[in-house]
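Colleague: What follows is coords-v9.txt, made up of compact mmCIF, C-alpha atoms and all ligand atoms:
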# COMPACT_ATOMS: atom_id res chain seq x y z
CA MET A 150 13.79 -1.69 12.71
CA GLY A 151 16.22 0.99 11.61
CA LEU A 152 17.03 4.03 13.71
CA PHE A 153 16.30 7.36 12.12
CA ARG A 154 17.78 10.70 13.12
CA LYS A 155 16.49 13.93 11.66
CA LYS A 156 18.41 17.19 11.65
CA GLU A 157 16.08 18.51 14.35
CA ALA A 158 17.47 15.76 16.61
CA VAL A 159 14.14 13.95 16.75
CA SER A 160 14.92 10.29 16.52
CA GLN A 161 12.72 7.30 16.52
CA ALA A 162 12.86 3.72 15.42
CA VAL A 163 11.18 3.17 12.07
CA PRO A 164 9.36 -0.07 11.28
CA THR A 165 10.52 -2.04 8.24
CA HIS A 166 7.12 -2.10 6.56
CA ILE A 167 4.22 0.34 6.88
CA ALA A 168 0.92 -0.17 5.06
CA ILE A 169 -1.65 2.58 4.52
CA VAL A 170 -5.35 2.68 3.58
CA MET A 171 -5.52 6.04 1.80
CA ASP A 172 -9.05 6.89 2.95
CA GLY A 173 -10.97 10.14 3.13
CA ASN A 174 -10.40 11.70 -0.29
CA GLY A 175 -14.12 11.97 -1.03
CA ARG A 176 -14.95 13.66 2.27
CA TRP A 177 -12.00 16.02 1.92
CA ALA A 178 -13.46 17.16 -1.40
CA ARG A 179 -17.05 17.36 -0.16
CA LYS A 180 -16.03 19.60 2.75
CA ARG A 181 -14.73 22.03 0.14
CA GLY A 182 -17.65 21.71 -2.25
CA LEU A 183 -15.43 20.00 -4.81
CA PRO A 184 -16.05 16.86 -6.88
CA ARG A 185 -14.71 13.62 -5.42
CA LYS A 186 -12.06 13.38 -8.09
CA ALA A 187 -10.51 16.59 -6.75
CA GLY A 188 -10.00 14.76 -3.44
CA HIS A 189 -8.28 11.88 -5.22
CA LYS A 190 -6.01 14.33 -7.01
CA VAL A 191 -4.85 15.86 -3.73
CA GLY A 192 -4.70 12.32 -2.32
CA ALA A 193 -2.25 11.36 -5.06
CA GLU A 194 -0.08 14.35 -4.08
CA ALA A 195 -0.25 13.28 -0.44
CA PHE A 196 1.00 9.87 -1.53
CA ARG A 197 3.89 11.42 -3.44
CA THR A 198 4.95 13.37 -0.34
CA ILE A 199 4.67 10.33 1.94
CA ALA A 200 6.62 8.12 -0.47
CA ASN A 201 9.46 10.66 -0.52
CA TYR A 202 9.37 10.99 3.22
CA ALA A 203 9.40 7.19 3.60
CA LYS A 204 12.66 7.16 1.68
CA THR A 205 14.13 9.91 3.88
CA ILE A 206 13.40 8.07 7.11
CA GLY A 207 14.75 4.77 5.84
CA LEU A 208 11.50 2.82 5.58
CA LYS A 209 12.07 -0.36 3.54
CA TYR A 210 8.50 -1.13 2.41
CA LEU A 211 5.48 1.13 1.96
CA THR A 212 2.27 -0.59 0.85
CA VAL A 213 -0.71 1.53 -0.18
CA TYR A 214 -4.30 0.61 -0.95
CA ALA A 215 -4.86 2.55 -4.18
CA PHE A 216 -7.83 0.65 -5.62
CA SER A 217 -9.72 -2.29 -4.14
CA THR A 218 -11.64 -5.10 -5.83
CA GLU A 219 -14.75 -3.40 -4.37
CA ASN A 220 -13.95 0.09 -5.71
CA TRP A 221 -15.35 -0.85 -9.15
CA LYS A 222 -18.80 -0.27 -7.61
CA ARG A 223 -18.17 3.48 -7.67
CA ALA A 224 -19.49 5.75 -10.41
CA ASP A 225 -17.71 5.31 -13.74
CA GLU A 226 -16.53 8.90 -13.63
CA GLU A 227 -14.80 8.43 -10.29
CA VAL A 228 -13.21 5.10 -11.28
CA HIS A 229 -11.97 6.74 -14.47
CA ALA A 230 -10.51 9.68 -12.52
CA ILE A 231 -8.61 7.37 -10.15
CA MET A 232 -7.26 5.32 -13.07
CA GLN A 233 -6.15 8.51 -14.83
CA LEU A 234 -4.33 9.66 -11.71
CA LEU A 235 -2.59 6.33 -11.38
CA GLU A 236 -1.53 6.42 -15.01
CA GLN A 237 -0.26 9.96 -14.64
CA TYR A 238 1.57 9.09 -11.45
CA LEU A 239 3.28 6.07 -13.01
CA ARG A 240 4.19 7.96 -16.17
CA GLU A 241 5.90 10.62 -14.06
CA ALA A 242 7.47 8.02 -11.78
CA ILE A 243 8.96 6.22 -14.78
CA ALA A 244 10.33 9.50 -16.18
CA ASP A 245 11.86 10.53 -12.81
CA MET A 246 12.98 7.09 -11.82
CA ASP A 247 16.71 7.74 -11.57
CA LYS A 248 16.11 10.79 -9.42
CA ASN A 249 13.68 9.17 -6.99
CA ARG A 250 15.16 5.66 -6.92
CA VAL A 251 11.97 4.03 -5.60
CA ARG A 252 11.34 0.34 -6.34
CA PHE A 253 7.78 -0.35 -7.50
CA CYS A 254 5.78 -3.48 -6.99
CA PHE A 255 2.08 -4.18 -7.63
CA PHE A 256 -0.30 -6.37 -5.64
CA GLY A 257 -3.61 -7.29 -7.25
CA ASP A 258 -5.17 -8.56 -10.46
CA LEU A 259 -3.83 -6.08 -12.98
CA THR A 260 -5.43 -7.89 -15.94
CA GLN A 261 -8.68 -5.96 -15.29
CA LEU A 262 -6.94 -2.60 -15.69
CA SER A 263 -6.56 -0.69 -18.95
CA PRO A 264 -3.77 -1.94 -21.24
CA ALA A 265 -1.98 1.42 -20.81
CA LEU A 266 -2.01 1.17 -17.01
CA GLN A 267 -0.90 -2.45 -17.13
CA GLU A 268 1.98 -1.51 -19.37
CA GLU A 269 3.05 1.36 -17.13
CA ALA A 270 2.93 -0.89 -14.08
CA ARG A 271 5.03 -3.47 -15.91
CA ILE A 272 7.63 -0.90 -16.98
CA ALA A 273 7.74 0.74 -13.54
CA ALA A 274 8.30 -2.63 -11.81
CA GLN A 275 10.82 -3.85 -14.35
CA ARG A 276 12.95 -0.69 -14.53
CA SER A 277 12.95 0.03 -10.81
CA LYS A 278 14.12 -3.45 -9.75
CA ARG A 279 17.68 -2.19 -9.42
CA TYR A 280 16.99 0.42 -6.73
CA GLU A 281 17.77 -0.57 -3.18
CA GLY A 282 15.99 2.02 -1.04
CA VAL A 283 12.28 1.96 -0.32
CA GLN A 284 9.92 -0.42 -2.13
CA VAL A 285 6.42 0.90 -2.78
CA ASN A 286 3.77 -1.77 -3.16
CA PHE A 287 0.71 -0.44 -4.97
CA CYS A 288 -2.41 -2.46 -4.22
CA LEU A 289 -4.39 -2.14 -7.44
CA ASN A 290 -7.60 -4.08 -8.01
CA TYR A 291 -6.55 -5.72 -4.77
CA GLY A 292 -8.64 -7.59 -2.20
CA GLY A 293 -7.30 -9.61 0.72
CA ARG A 294 -9.86 -12.39 0.35
CA VAL A 295 -9.31 -12.74 -3.38
CA GLU A 296 -5.57 -12.86 -2.70
CA ILE A 297 -6.02 -15.72 -0.22
CA VAL A 298 -8.40 -17.65 -2.50
CA ARG A 299 -6.00 -17.23 -5.41
CA ALA A 300 -3.14 -18.58 -3.27
CA ALA A 301 -5.29 -21.56 -2.22
CA GLN A 302 -6.12 -22.24 -5.87
CA ARG A 303 -2.47 -22.10 -6.84
CA PHE A 304 -1.58 -24.54 -4.09
CA ALA A 305 -4.47 -26.89 -4.95
CA ARG A 306 -3.40 -26.89 -8.58
CA ASP A 307 0.16 -27.88 -7.59
CA CYS A 308 -1.26 -30.67 -5.42
CA VAL A 309 -3.42 -31.98 -8.26
CA GLU A 310 -0.41 -31.94 -10.53
CA GLY A 311 1.51 -33.94 -7.92
CA LYS A 312 4.04 -31.15 -7.25
CA CYS A 313 3.22 -30.98 -3.54
CA ALA A 314 1.21 -32.64 -0.78
CA PRO A 315 -1.53 -30.82 1.22
CA GLU A 316 0.07 -31.64 4.60
CA ALA A 317 3.38 -30.14 3.45
CA LEU A 318 1.91 -26.63 3.34
CA THR A 319 3.31 -24.27 5.98
CA GLN A 320 2.42 -20.69 6.87
CA GLU A 321 5.63 -19.51 5.24
CA GLY A 322 4.85 -21.56 2.13
CA PHE A 323 1.38 -20.05 1.95
CA SER A 324 2.80 -16.52 2.34
CA ASP A 325 4.95 -17.20 -0.71
CA LEU A 326 1.83 -17.80 -2.79
CA LEU A 327 0.44 -14.33 -2.04
CA TYR A 328 1.01 -11.17 -4.07
CA SER A 329 3.31 -10.04 -1.27
CA SER A 330 5.67 -13.00 -1.62
CA GLY A 331 9.12 -12.05 -0.36
CA VAL A 332 7.92 -8.90 1.43
CA PRO A 333 8.01 -9.02 5.25
CA ASP A 334 4.63 -8.55 6.97
CA PRO A 335 3.79 -4.93 7.87
CA GLU A 336 4.43 -4.05 11.50
CA LEU A 337 2.17 -1.01 11.25
CA VAL A 338 -1.07 -0.48 9.31
CA ILE A 339 -2.34 3.09 9.19
CA ARG A 340 -5.90 4.08 8.33
CA PRO A 341 -6.63 7.79 8.09
CA GLY A 342 -10.17 8.98 7.41
CA GLY A 343 -11.84 8.04 10.67
CA GLU A 344 -13.21 4.60 9.71
CA LEU A 345 -12.30 1.76 12.08
CA ARG A 346 -12.12 -1.26 9.78
CA THR A 347 -9.63 -3.18 7.66
CA SER A 348 -11.70 -3.18 4.41
CA ASN A 349 -10.14 -6.36 3.02
CA PHE A 350 -6.60 -4.95 3.18
CA LEU A 351 -3.65 -7.33 3.74
CA LEU A 352 -5.81 -9.77 5.71
CA TRP A 353 -3.17 -12.49 5.97
CA GLN A 354 -0.13 -10.22 6.24
CA SER A 355 -1.47 -8.02 9.04
CA ALA A 356 -2.15 -10.86 11.50
CA TYR A 357 0.23 -9.27 14.03
CA ALA A 358 0.35 -5.71 12.73
CA GLU A 359 -0.31 -2.77 15.00
CA TYR A 360 -3.19 -0.65 13.71
CA TYR A 361 -3.18 3.12 13.88
CA PHE A 362 -6.40 4.99 13.13
CA THR A 363 -6.75 8.73 12.80
CA ASP A 364 -9.58 11.09 11.83
CA VAL A 365 -7.20 13.07 9.62
CA LEU A 366 -8.34 12.64 6.01
CA TRP A 367 -5.79 11.19 3.58
CA PRO A 368 -5.22 14.41 1.56
CA ASP A 369 -4.20 16.08 4.86
CA PHE A 370 -1.96 13.20 5.94
CA GLY A 371 1.62 14.45 5.74
CA PRO A 372 5.02 13.58 7.22
CA LYS A 373 4.01 14.92 10.66
CA GLU A 374 1.08 12.51 10.72
CA LEU A 375 3.35 9.65 9.73
CA ASP A 376 5.75 10.60 12.53
CA LYS A 377 2.82 10.51 14.97
CA ALA A 378 1.76 7.08 13.78
CA ILE A 379 5.32 5.75 14.13
CA ALA A 380 5.59 7.27 17.62
CA ALA A 381 2.31 5.57 18.61
CA TYR A 382 3.66 2.31 17.21
CA ASN A 383 6.88 2.67 19.21
CA ALA A 384 4.84 3.15 22.38
CA ARG A 385 3.03 -0.17 21.90
CA ASN A 386 4.04 -3.39 23.61
CA ARG A 387 4.05 -6.07 20.92
CA ARG A 388 3.65 -9.51 22.45
CA PHE A 389 2.74 -11.72 19.47
CA GLY A 390 0.47 -13.79 21.71
CA GLY A 391 3.05 -14.09 24.50
CA ALA A 392 2.64 -12.94 28.14
CA LYS A 393 3.20 -9.33 29.29
C1 LIG A 401 -10.43 6.18 -0.53
O1 LIG A 401 -11.03 7.43 -0.24
C2 LIG A 401 -9.52 6.32 -1.66
C3 LIG A 401 -9.58 5.60 -2.81
C4 LIG A 401 -10.59 4.57 -3.07
C5 LIG A 401 -8.64 5.86 -3.93
C6 LIG A 401 -7.23 6.17 -3.54
C7 LIG A 401 -6.61 6.81 -4.71
C8 LIG A 401 -5.75 7.83 -4.67
C9 LIG A 401 -5.17 8.39 -3.44
C10 LIG A 401 -5.35 8.48 -5.98
C11 LIG A 401 -4.42 7.70 -6.81
C12 LIG A 401 -3.24 7.28 -6.05
C13 LIG A 401 -1.97 7.45 -6.40
C14 LIG A 401 -0.96 6.95 -5.48
C15 LIG A 401 -1.52 8.11 -7.64
P1 LIG A 401 -12.61 7.59 -0.42
O2 LIG A 401 -12.88 8.03 -1.79
O3 LIG A 401 -13.29 6.31 -0.03
O4 LIG A 401 -12.93 8.72 0.61
P2 LIG A 401 -14.30 8.89 1.42
O5 LIG A 401 -14.38 7.73 2.37
O6 LIG A 401 -14.10 10.19 2.11
O7 LIG A 401 -15.41 8.91 0.41
Just dump the structure as structure tokens.
Modeller:
Amino acid sequence: MGLFRKKEAVSQAVPTHIAIVMDGNGRWARKRGLPRKAGHKVGAEAFRTIANYAKTIGLKYLTVYAFSTENWKRADEEVHAIMQLLEQYLREAIADMDKNRVRFCFFGDLTQLSPALQEEARIAAQRSKRYEGVQVNFCLNYGGRVEIVRAAQRFARDCVEGKCAPEALTQEGFSDLLYSSGVPDPELVIRPGGELRTSNFLLWQSAYAEYYFTDVLWPDFGPKELDKAIAAYNARNRRFGGAK
């Protein structure tokens, strides 16, 4: 954990990796009599603000659930709106890359996304490799169970081809077969929006994560809310299965 000091002399230890389920966009919009896509638009802005703030406080990894394998069940219009926002975000991120210096990574099966979005994701990941500050992991067409099954398939294939033996598999080796290979597990998983579930997010990686739930809806989740979540995390006693 790094130590962060703001000008206002508030200081707190910042975890290395924070993961967020960006939930509540639809309700935020409904409360205002707006279409759901308006909530996603403000949600995308909330993400932009949090990603910048993450950089300021010295966070190393920020993973966000932008679109799940289950989100395809939503109305075509809503899916389209989310995809458009992602495209727009990545286009702008690519254009402003040298200013923002954020490293981009993508977890999920991108082959189901539009060719334009796939290409933007590829360019964003490729061109941002050189930056050393915060890494943003976008979970796109991502599901924790699919990720685990895919890793098991990859391992089984290697076994069949004689490249490895089943009993040689370790937890670390299995982690390396996941989308998140090389990224340390999140210490803190945040879910705004009032729902108390994991929704298939980072199932393997969050085995020992601290969860922070808040009723604040994602479009209203700003730096102050992130500070609160980090403070709550710092007040926890992490034992990893050990005694008190
Ligand atoms: C969950 O809220 C949110 C999503 C399924 C989409 C998240 C997408 C964005 C924030 C926009 C694109 C992101 C970026 C970073 C450009 P919900 O719709 O389930 O909300 P509800 O539970 O209130 O209906």
Colleague: Extract, using all atoms listed in the file, all DNA, RNA and protein residues at most 6 Å from region 344-355 of chain A, discarding same-chain residues fewer than 3 positions from it, and format them as a PyMOL selection string.
Modeller: chain A and resi 292-293+334+358
Colleague: Pick the closest to ligand LIG 401 (chain A) from A:Ile167, A:Ala203, A:Val285, A:Ile231: which is it, counting only C-alpha atoms and all ligand atoms?
Modeller: A:Ile231
Colleague: Could you list, as an MDAnalysis selection string, all residues that come within 8 Å of ligand LIG 401 (chain A)? Count all atoms listed in the file.
Modeller: chainID A and resid 170:178 185 188:197 213:217 220 231:232 234:239 287 342 366:368
Colleague: For region 376-389 of chain A, please output as a PyMOL selection string all residues within 12 Å (counting only C-alpha atoms; exclusion window: fewer than 4 positions along the same chain).
Modeller: chain A and resi 150+152-153+155+159-169+199+202-203+206+208+335-341+355-363+365+370-372+393
Colleague: Please determine, counting only C-alpha atoms, which residue among A:Arg279, A:Arg252, A:Arg240, A:Lys209 has the shortest atom-to-atom distance to Gln267 (chain A).
Modeller: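 Smallest separation from Gln267 (chain A) among the options: A:Arg240.
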Colleague: Give me the residues near Met246 (chain A) as a PyMOL selection string, where near means some atom within 10 Å (using only C-alpha atoms) and where sequence neighbours in that chain fewer than 4 positions away do not count.
Modeller: chain A and resi 239-242+250-252+273+276-277+280
Colleague: Just the number, please: distance in Å from CA of Lys278 (chain A) to CA of Ala301 (chain A), one decimal.
Modeller: 27.6 Å
Colleague: With distances taken over all atoms listed in the file, which of A:Lys186, A:His229, A:Lys312, A:Arg294 is nearest to Gly257 (chain A)?
Modeller: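 The closest residue to Gly257 (chain A) is A:Arg294.
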Colleague: Padding of 3 Å on every side, edges along x, y and z, all listed atoms of region 211-217 of chain A included: what centre and edge lengths in Å, to one decimal, does that box have, as JSON?
Modeller:
{"center_x": -2.1, "center_y": 0.1, "center_z": -1.8, "size_x": 21.2, "size_y": 10.8, "size_z": 13.6}
Colleague: Kindly give the distance, in Å, that separates CA of Leu211 (chain A) and CA of Leu318 (chain A), rounded to a single decimal.
Modeller: 28.0 Å
Colleague: How far is it from CA of Thr260 (chain A) to CA of Lys222 (chain A), in Å with one decimal?
Modeller: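 We find that CA of Thr260 (chain A) and CA of Lys222 (chain A) lie 17.5 Å from each other.
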Colleague: Hey, could you patch up region 381-392 of chain A with all heavy atoms and hand it over as a PDB file, in the frame of the given file?
Modeller:
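Result went into result-v3.pdb, see below:
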ATOM      1  N   ALA A 381       3.340   6.380  17.930  1.00  0.00           N
ATOM      2  CA  ALA A 381       2.310   5.570  18.610  1.00  0.00           C
ATOM      3  C   ALA A 381       2.705   4.093  18.537  1.00  0.00           C
ATOM      4  O   ALA A 381       2.576   3.350  19.519  1.00  0.00           O
ATOM      5  CB  ALA A 381       0.944   5.787  17.957  1.00  0.00           C
ATOM      6  N   TYR A 382       3.209   3.699  17.385  1.00  0.00           N
ATOM      7  CA  TYR A 382       3.660   2.310  17.210  1.00  0.00           C
ATOM      8  C   TYR A 382       4.788   1.985  18.187  1.00  0.00           C
ATOM      9  O   TYR A 382       4.801   0.933  18.837  1.00  0.00           O
ATOM     10  CB  TYR A 382       4.130   2.107  15.760  1.00  0.00           C
ATOM     11  CG  TYR A 382       4.912   0.855  15.547  1.00  0.00           C
ATOM     12  CD1 TYR A 382       4.268  -0.362  15.355  1.00  0.00           C
ATOM     13  CD2 TYR A 382       6.308   0.876  15.557  1.00  0.00           C
ATOM     14  CE1 TYR A 382       4.996  -1.527  15.179  1.00  0.00           C
ATOM     15  CE2 TYR A 382       7.036  -0.284  15.383  1.00  0.00           C
ATOM     16  CZ  TYR A 382       6.378  -1.481  15.194  1.00  0.00           C
ATOM     17  OH  TYR A 382       7.100  -2.631  15.033  1.00  0.00           O
ATOM     18  N   ASN A 383       5.734   2.911  18.318  1.00  0.00           N
ATOM     19  CA  ASN A 383       6.880   2.670  19.210  1.00  0.00           C
ATOM     20  C   ASN A 383       6.463   2.590  20.678  1.00  0.00           C
ATOM     21  O   ASN A 383       7.177   2.012  21.498  1.00  0.00           O
ATOM     22  CB  ASN A 383       7.940   3.762  19.016  1.00  0.00           C
ATOM     23  CG  ASN A 383       8.771   3.502  17.766  1.00  0.00           C
ATOM     24  OD1 ASN A 383       9.075   2.358  17.448  1.00  0.00           O
ATOM     25  ND2 ASN A 383       9.119   4.555  17.040  1.00  0.00           N
ATOM     26  N   ALA A 384       5.305   3.177  20.987  1.00  0.00           N
ATOM     27  CA  ALA A 384       4.840   3.150  22.380  1.00  0.00           C
ATOM     28  C   ALA A 384       4.057   1.871  22.695  1.00  0.00           C
ATOM     29  O   ALA A 384       3.690   1.631  23.838  1.00  0.00           O
ATOM     30  CB  ALA A 384       3.957   4.376  22.636  1.00  0.00           C
ATOM     31  N   ARG A 385       3.810   1.059  21.682  1.00  0.00           N
ATOM     32  CA  ARG A 385       3.030  -0.170  21.900  1.00  0.00           C
ATOM     33  C   ARG A 385       3.947  -1.285  22.415  1.00  0.00           C
ATOM     34  O   ARG A 385       5.141  -1.320  22.117  1.00  0.00           O
ATOM     35  CB  ARG A 385       2.382  -0.637  20.597  1.00  0.00           C
ATOM     36  CG  ARG A 385       1.541   0.428  19.902  1.00  0.00           C
ATOM     37  CD  ARG A 385       0.082   0.202  20.075  1.00  0.00           C
ATOM     38  NE  ARG A 385      -0.653   1.295  19.408  1.00  0.00           N
ATOM     39  CZ  ARG A 385      -1.280   1.172  18.232  1.00  0.00           C
ATOM     40  NH1 ARG A 385      -1.268   0.003  17.606  1.00  0.00           N
ATOM     41  NH2 ARG A 385      -1.936   2.200  17.712  1.00  0.00           N
ATOM     42  N   ASN A 386       3.313  -2.228  23.101  1.00  0.00           N
ATOM     43  CA  ASN A 386       4.040  -3.390  23.610  1.00  0.00           C
ATOM     44  C   ASN A 386       3.612  -4.590  22.779  1.00  0.00           C
ATOM     45  O   ASN A 386       2.542  -5.132  22.976  1.00  0.00           O
ATOM     46  CB  ASN A 386       3.680  -3.543  25.097  1.00  0.00           C
ATOM     47  CG  ASN A 386       4.256  -4.796  25.707  1.00  0.00           C
ATOM     48  OD1 ASN A 386       5.126  -5.445  25.118  1.00  0.00           O
ATOM     49  ND2 ASN A 386       3.777  -5.150  26.880  1.00  0.00           N
ATOM     50  N   ARG A 387       4.436  -4.966  21.822  1.00  0.00           N
ATOM     51  CA  ARG A 387       4.050  -6.070  20.920  1.00  0.00           C
ATOM     52  C   ARG A 387       4.403  -7.403  21.560  1.00  0.00           C
ATOM     53  O   ARG A 387       5.556  -7.659  21.871  1.00  0.00           O
ATOM     54  CB  ARG A 387       4.749  -5.908  19.570  1.00  0.00           C
ATOM     55  CG  ARG A 387       4.433  -4.603  18.905  1.00  0.00           C
ATOM     56  CD  ARG A 387       5.056  -4.532  17.535  1.00  0.00           C
ATOM     57  NE  ARG A 387       4.242  -5.214  16.529  1.00  0.00           N
ATOM     58  CZ  ARG A 387       4.741  -5.704  15.400  1.00  0.00           C
ATOM     59  NH1 ARG A 387       6.025  -5.657  15.157  1.00  0.00           N
ATOM     60  NH2 ARG A 387       3.943  -6.285  14.528  1.00  0.00           N
ATOM     61  N   ARG A 388       3.411  -8.234  21.733  1.00  0.00           N
ATOM     62  CA  ARG A 388       3.650  -9.510  22.450  1.00  0.00           C
ATOM     63  C   ARG A 388       3.485 -10.729  21.560  1.00  0.00           C
ATOM     64  O   ARG A 388       3.809 -11.831  21.946  1.00  0.00           O
ATOM     65  CB  ARG A 388       2.714  -9.596  23.653  1.00  0.00           C
ATOM     66  CG  ARG A 388       3.022  -8.578  24.729  1.00  0.00           C
ATOM     67  CD  ARG A 388       2.289  -8.878  26.003  1.00  0.00           C
ATOM     68  NE  ARG A 388       0.848  -8.783  25.869  1.00  0.00           N
ATOM     69  CZ  ARG A 388       0.163  -7.640  25.862  1.00  0.00           C
ATOM     70  NH1 ARG A 388       0.808  -6.495  25.994  1.00  0.00           N
ATOM     71  NH2 ARG A 388      -1.139  -7.636  25.718  1.00  0.00           N
ATOM     72  N   PHE A 389       2.919 -10.592  20.398  1.00  0.00           N
ATOM     73  CA  PHE A 389       2.740 -11.720  19.470  1.00  0.00           C
ATOM     74  C   PHE A 389       2.104 -12.934  20.164  1.00  0.00           C
ATOM     75  O   PHE A 389       2.508 -14.077  19.944  1.00  0.00           O
ATOM     76  CB  PHE A 389       4.072 -12.116  18.830  1.00  0.00           C
ATOM     77  CG  PHE A 389       4.726 -10.995  18.080  1.00  0.00           C
ATOM     78  CD1 PHE A 389       5.687 -10.194  18.678  1.00  0.00           C
ATOM     79  CD2 PHE A 389       4.331 -10.695  16.770  1.00  0.00           C
ATOM     80  CE1 PHE A 389       6.269  -9.141  17.983  1.00  0.00           C
ATOM     81  CE2 PHE A 389       4.912  -9.651  16.071  1.00  0.00           C
ATOM     82  CZ  PHE A 389       5.889  -8.869  16.681  1.00  0.00           C
ATOM     83  N   GLY A 390       1.157 -12.682  21.032  1.00  0.00           N
ATOM     84  CA  GLY A 390       0.470 -13.790  21.710  1.00  0.00           C
ATOM     85  C   GLY A 390       1.160 -14.249  22.969  1.00  0.00           C
ATOM     86  O   GLY A 390       0.638 -15.098  23.693  1.00  0.00           O
ATOM     87  N   GLY A 391       2.328 -13.690  23.285  1.00  0.00           N
ATOM     88  CA  GLY A 391       3.050 -14.090  24.500  1.00  0.00           C
ATOM     89  C   GLY A 391       2.516 -13.331  25.711  1.00  0.00           C
ATOM     90  O   GLY A 391       1.607 -12.506  25.602  1.00  0.00           O
ATOM     91  N   ALA A 392       3.097 -13.617  26.920  1.00  0.00           N
ATOM     92  CA  ALA A 392       2.640 -12.940  28.140  1.00  0.00           C
ATOM     93  C   ALA A 392       3.259 -11.554  28.230  1.00  0.00           C
ATOM     94  O   ALA A 392       4.218 -11.241  27.523  1.00  0.00           O
ATOM     95  CB  ALA A 392       3.030 -13.783  29.348  1.00  0.00           C
TER      96      ALA A 392
END
